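Working notes for the structure below.
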Amino acid sequence: MSSRRDYYRDPAAPMPNSLKPGASALVVDDSGRVLMQRRGDSGNWSLPGGIMEVGETLEECAVRETKEETGLDIEITGLLGIYTDPEHVIEYSDGEVRQEFAIVYYGRATGGTIEVSHESTSVRFLSSAELESVPVHPTVRLRLRHHAEYHGTPYLG
C-alpha cells in the first residue's frame, strides 16, 4: 500500500495527473451510528470505499470495498451525493496525484462480521458525538454533515 497525502483547498497542492471514479458507503446502524474505519495510511477515520474496477458498477464497487475494508455485507439503499471537488487532491507516494471523484451511497448492513483489513487499524460504528472527537478529513466531515442535513435530495458538487 502506498502512502498518501490529502490536500483540500491548499494552494500548495500539486497538480492532478489522474482522475479515477470511486465509491463509498455511508452505513448507519439502528442507533444512528455511522460505520467508519481508521485508515492505516493517515490515521483519519473515514467511510469505507475505494476505486471502481473494470467490469463493475459504482454501486458494486461500494459494496465490494465495504466488504473488503470492514467485513460487512451491505445493500445500497440510496445516494448521499456526488463529490468531484477539484480542490481535493490526493498525492500518492508512487507519483500519482488524483483529483477527487467519489460517489457516496447509503448502505444497510445485511450480514458479515466487523473485521479490520490491511488498510485500517480499527473499524466500528461511531456516534455523532464520537465523530466530533476523532480525526476525520474535512472532505469526510462534509459528507457526514450532508448526511446529518439530508432531506432526500443528493448533494451534487
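If you're wondering about the labels, chains in the C-alpha cells are A, B, ... by order shown, residues count from 1 in each chain, ligands from 1 in order shown.
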
Residues near segment 18-32 of chain A, cut-off 6 Å, only C-alpha atoms, skip fewer than 5 positions along chain, as a ChimeraX atom specification: /A:48-52,58,62,97-99,101-108

Spatial neighbours of Leu126 of chain A, 7 Å, only C-alpha atoms, chain gap at least 6 places, as a compact mmCIF listing (two decimals) with N, CA, C and O atoms, in the first residue's frame:
# COMPACT_ATOMS: atom_id res chain seq x y z
N ARG A 33 -25.60 5.33 14.46
CA ARG A 33 -24.14 5.45 14.38
C ARG A 33 -23.68 5.11 12.96
O ARG A 33 -24.30 4.30 12.29
N VAL A 34 -22.57 5.73 12.53
CA VAL A 34 -22.06 5.58 11.17
C VAL A 34 -20.86 4.62 11.17
O VAL A 34 -19.96 4.74 12.00
N LEU A 35 -20.86 3.68 10.22
CA LEU A 35 -19.74 2.75 10.06
C LEU A 35 -18.52 3.51 9.54
O LEU A 35 -18.58 4.14 8.49
N MET A 36 -17.43 3.43 10.30
CA MET A 36 -16.20 4.14 9.94
C MET A 36 -15.01 3.20 10.11
O MET A 36 -15.04 2.27 10.91

If you run DSSP on the backbone here, which positions in chain A get alpha helix (DSSP H)? Please write them as a VMD selection string. chain A and resid 58 to 70 128 to 132 138 to 148

Create the file for the chosen residues now, containing N, CA, C and O atoms and written as an mmCIF file, in the first residue's frame.
data_model
loop_
_atom_site.group_PDB
_atom_site.id
_atom_site.type_symbol
_atom_site.label_atom_id
_atom_site.label_comp_id
_atom_site.auth_asym_id
_atom_site.auth_seq_id
_atom_site.Cartn_x
_atom_site.Cartn_y
_atom_site.Cartn_z
ATOM 1 N N LEU A 58 -20.470 1.363 -10.079
ATOM 2 C CA LEU A 58 -20.051 2.080 -8.873
ATOM 3 C C LEU A 58 -20.758 1.536 -7.634
ATOM 4 O O LEU A 58 -20.164 1.470 -6.563
ATOM 5 N N GLU A 59 -22.015 1.128 -7.762
ATOM 6 C CA GLU A 59 -22.714 0.508 -6.629
ATOM 7 C C GLU A 59 -22.012 -0.764 -6.204
ATOM 8 O O GLU A 59 -21.793 -0.999 -5.013
ATOM 9 N N GLU A 60 -21.636 -1.603 -7.161
ATOM 10 C CA GLU A 60 -20.912 -2.838 -6.844
ATOM 11 C C GLU A 60 -19.569 -2.524 -6.191
ATOM 12 O O GLU A 60 -19.128 -3.242 -5.288
ATOM 13 N N CYS A 61 -18.927 -1.449 -6.638
ATOM 14 C CA CYS A 61 -17.668 -1.017 -6.033
ATOM 15 C C CYS A 61 -17.874 -0.684 -4.553
ATOM 16 O O CYS A 61 -17.096 -1.119 -3.699
ATOM 17 N N ALA A 62 -18.908 0.056 -4.233
ATOM 18 C CA ALA A 62 -19.180 0.431 -2.835
ATOM 19 C C ALA A 62 -19.438 -0.810 -1.980
ATOM 20 O O ALA A 62 -18.940 -0.913 -0.852
ATOM 21 N N VAL A 63 -20.186 -1.764 -2.512
ATOM 22 C CA VAL A 63 -20.482 -3.000 -1.789
ATOM 23 C C VAL A 63 -19.193 -3.803 -1.575
ATOM 24 O O VAL A 63 -18.907 -4.268 -0.462
ATOM 25 N N ARG A 64 -18.392 -3.962 -2.633
ATOM 26 C CA ARG A 64 -17.144 -4.733 -2.550
ATOM 27 C C ARG A 64 -16.159 -4.092 -1.581
ATOM 28 O O ARG A 64 -15.596 -4.760 -0.717
ATOM 29 N N GLU A 65 -15.954 -2.788 -1.714
ATOM 30 C CA GLU A 65 -14.999 -2.098 -0.850
ATOM 31 C C GLU A 65 -15.428 -2.151 0.617
ATOM 32 O O GLU A 65 -14.594 -2.316 1.505
ATOM 33 N N THR A 66 -16.721 -2.029 0.874
ATOM 34 C CA THR A 66 -17.206 -2.115 2.254
ATOM 35 C C THR A 66 -16.920 -3.499 2.824
ATOM 36 O O THR A 66 -16.458 -3.617 3.960
ATOM 37 N N LYS A 67 -17.146 -4.541 2.039
ATOM 38 C CA LYS A 67 -16.855 -5.902 2.495
ATOM 39 C C LYS A 67 -15.356 -6.072 2.748
ATOM 40 O O LYS A 67 -14.942 -6.591 3.792
ATOM 41 N N GLU A 68 -14.526 -5.617 1.795
ATOM 42 C CA GLU A 68 -13.073 -5.767 1.926
ATOM 43 C C GLU A 68 -12.524 -5.002 3.132
ATOM 44 O O GLU A 68 -11.634 -5.483 3.825
ATOM 45 N N GLU A 69 -13.056 -3.815 3.384
ATOM 46 C CA GLU A 69 -12.472 -2.941 4.402
ATOM 47 C C GLU A 69 -13.091 -3.093 5.788
ATOM 48 O O GLU A 69 -12.472 -2.710 6.772
ATOM 49 N N THR A 70 -14.320 -3.643 5.858
ATOM 50 C CA THR A 70 -14.989 -3.721 7.165
ATOM 51 C C THR A 70 -15.467 -5.121 7.532
ATOM 52 O O THR A 70 -15.824 -5.351 8.686
ATOM 53 N N SER A 128 -22.468 10.443 16.543
ATOM 54 C CA SER A 128 -22.145 11.831 16.166
ATOM 55 C C SER A 128 -21.177 12.453 17.166
ATOM 56 O O SER A 128 -20.229 13.138 16.768
ATOM 57 N N ALA A 129 -21.397 12.208 18.445
ATOM 58 C CA ALA A 129 -20.514 12.768 19.473
ATOM 59 C C ALA A 129 -19.106 12.198 19.344
ATOM 60 O O ALA A 129 -18.117 12.944 19.448
ATOM 61 N N GLU A 130 -18.991 10.886 19.106
ATOM 62 C CA GLU A 130 -17.667 10.277 18.934
ATOM 63 C C GLU A 130 -16.968 10.840 17.703
ATOM 64 O O GLU A 130 -15.756 11.092 17.726
ATOM 65 N N LEU A 131 -17.720 11.062 16.629
ATOM 66 C CA LEU A 131 -17.134 11.576 15.392
ATOM 67 C C LEU A 131 -16.568 12.984 15.572
ATOM 68 O O LEU A 131 -15.633 13.363 14.871
ATOM 69 N N GLU A 132 -17.124 13.740 16.503
ATOM 70 C CA GLU A 132 -16.608 15.087 16.752
ATOM 71 C C GLU A 132 -15.242 15.077 17.408
ATOM 72 O O GLU A 132 -14.499 16.051 17.306
ATOM 73 N N PRO A 138 -11.430 16.867 6.419
ATOM 74 C CA PRO A 138 -12.521 17.815 6.161
ATOM 75 C C PRO A 138 -13.493 17.365 5.069
ATOM 76 O O PRO A 138 -14.689 17.654 5.167
ATOM 77 N N THR A 139 -13.034 16.661 4.047
ATOM 78 C CA THR A 139 -13.956 16.218 2.998
ATOM 79 C C THR A 139 -14.896 15.130 3.499
ATOM 80 O O THR A 139 -16.043 15.045 3.063
ATOM 81 N N VAL A 140 -14.446 14.306 4.431
ATOM 82 C CA VAL A 140 -15.323 13.287 5.029
ATOM 83 C C VAL A 140 -16.280 13.969 6.007
ATOM 84 O O VAL A 140 -17.466 13.611 6.073
ATOM 85 N N ARG A 141 -15.802 14.963 6.740
ATOM 86 C CA ARG A 141 -16.703 15.734 7.621
ATOM 87 C C ARG A 141 -17.830 16.369 6.810
ATOM 88 O O ARG A 141 -18.975 16.421 7.256
ATOM 89 N N LEU A 142 -17.497 16.862 5.610
ATOM 90 C CA LEU A 142 -18.512 17.445 4.738
ATOM 91 C C LEU A 142 -19.584 16.409 4.403
ATOM 92 O O LEU A 142 -20.783 16.688 4.480
ATOM 93 N N ARG A 143 -19.177 15.188 4.102
ATOM 94 C CA ARG A 143 -20.134 14.121 3.783
ATOM 95 C C ARG A 143 -20.983 13.766 4.998
ATOM 96 O O ARG A 143 -22.188 13.556 4.874
ATOM 97 N N LEU A 144 -20.354 13.740 6.165
ATOM 98 C CA LEU A 144 -21.111 13.466 7.393
ATOM 99 C C LEU A 144 -22.111 14.587 7.678
ATOM 100 O O LEU A 144 -23.236 14.334 8.122
ATOM 101 N N ARG A 145 -21.713 15.825 7.401
ATOM 102 C CA ARG A 145 -22.641 16.949 7.571
ATOM 103 C C ARG A 145 -23.801 16.834 6.586
ATOM 104 O O ARG A 145 -24.970 17.052 6.951
ATOM 105 N N HIS A 146 -23.510 16.484 5.340
ATOM 106 C CA HIS A 146 -24.585 16.307 4.361
ATOM 107 C C HIS A 146 -25.541 15.197 4.806
ATOM 108 O O HIS A 146 -26.748 15.317 4.615
ATOM 109 N N HIS A 147 -24.993 14.136 5.408
ATOM 110 C CA HIS A 147 -25.849 13.068 5.944
ATOM 111 C C HIS A 147 -26.745 13.610 7.062
ATOM 112 O O HIS A 147 -27.952 13.358 7.076
ATOM 113 N N ALA A 148 -26.166 14.374 7.983
ATOM 114 C CA ALA A 148 -26.941 14.917 9.110
ATOM 115 C C ALA A 148 -28.038 15.861 8.633
ATOM 116 O O ALA A 148 -29.104 15.937 9.244
#

Enumerate, as an MDAnalysis selection string, the complete set of residues in chain A that a backbone-based DSSP assignment places in strand (DSSP E). chainID A and resid 4:8 18:19 22:27 34:39 45:46 49:51 72:83 88:92 97:99 102:112 120:126 155:156

Work out how far atom CA of Gly112 of chain A is from atom CA of Arg4 of chain A, in Å to one decimal.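 Distance reported for this atom pair: 28.9 Å.
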
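Within 9 Å of segment 84-87 of chain A, once only C-alpha atoms are used and residues closer than 5 positions along the same chain are dropped, the contacting residues are A:Tyr7, A:Tyr8, A:Arg9, A:Asp10, A:Pro11, A:Ala13, A:Pro16, A:Gln99, A:Glu100, A:Phe101, A:Ala102, A:Ile103, A:Leu156, A:Gly157.
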
Go ahead and write the residues just picked, C-alpha atoms, as a PDB file, in the first residue's frame.
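The resulting file, part-v6.pdb, is reproduced below:
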ATOM      1  CA  TYR A   7      -4.816  18.352   0.081  1.00  0.00           C
ATOM      2  CA  TYR A   8      -8.022  20.332   0.407  1.00  0.00           C
ATOM      3  CA  ARG A   9      -8.271  23.950  -0.680  1.00  0.00           C
ATOM      4  CA  ASP A  10      -4.485  24.155  -0.368  1.00  0.00           C
ATOM      5  CA  PRO A  11      -2.672  26.446  -2.828  1.00  0.00           C
ATOM      6  CA  ALA A  13      -1.288  21.180  -3.643  1.00  0.00           C
ATOM      7  CA  PRO A  16      -3.545  16.389 -10.515  1.00  0.00           C
ATOM      8  CA  GLN A  99      -8.443  14.727  -8.280  1.00  0.00           C
ATOM      9  CA  GLU A 100     -11.443  13.694  -6.192  1.00  0.00           C
ATOM     10  CA  PHE A 101     -14.211  11.791  -7.980  1.00  0.00           C
ATOM     11  CA  ALA A 102     -16.388   9.962  -5.452  1.00  0.00           C
ATOM     12  CA  ILE A 103     -19.977   8.820  -5.308  1.00  0.00           C
ATOM     13  CA  LEU A 156     -24.154  17.362  -6.326  1.00  0.00           C
ATOM     14  CA  GLY A 157     -20.767  19.001  -6.344  1.00  0.00           C
TER      15      GLY A 157
END

Could you tell me which of A:Tyr83, A:Glu119, A:Pro135, A:Gly111 comes closest to Tyr155 of chain A if we count only C-alpha atoms?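 Going through A:Tyr83, A:Glu119, A:Pro135, A:Gly111 one by one, the smallest distance to Tyr155 of chain A is for A:Tyr83.
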
Which value, in Å to one decimal, gives the distance between atom CA of Ile74 of chain A and atom CA of Ser46 of chain A?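 Here the two named atoms are 16.8 Å from each other.
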
State, in Å with one decimal place, the distance from atom CA of Arg5 of chain A to atom CA of Ser93 of chain A.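 Atom CA of Ser93 of chain A lies at a distance of 8.5 Å from atom CA of Arg5 of chain A.
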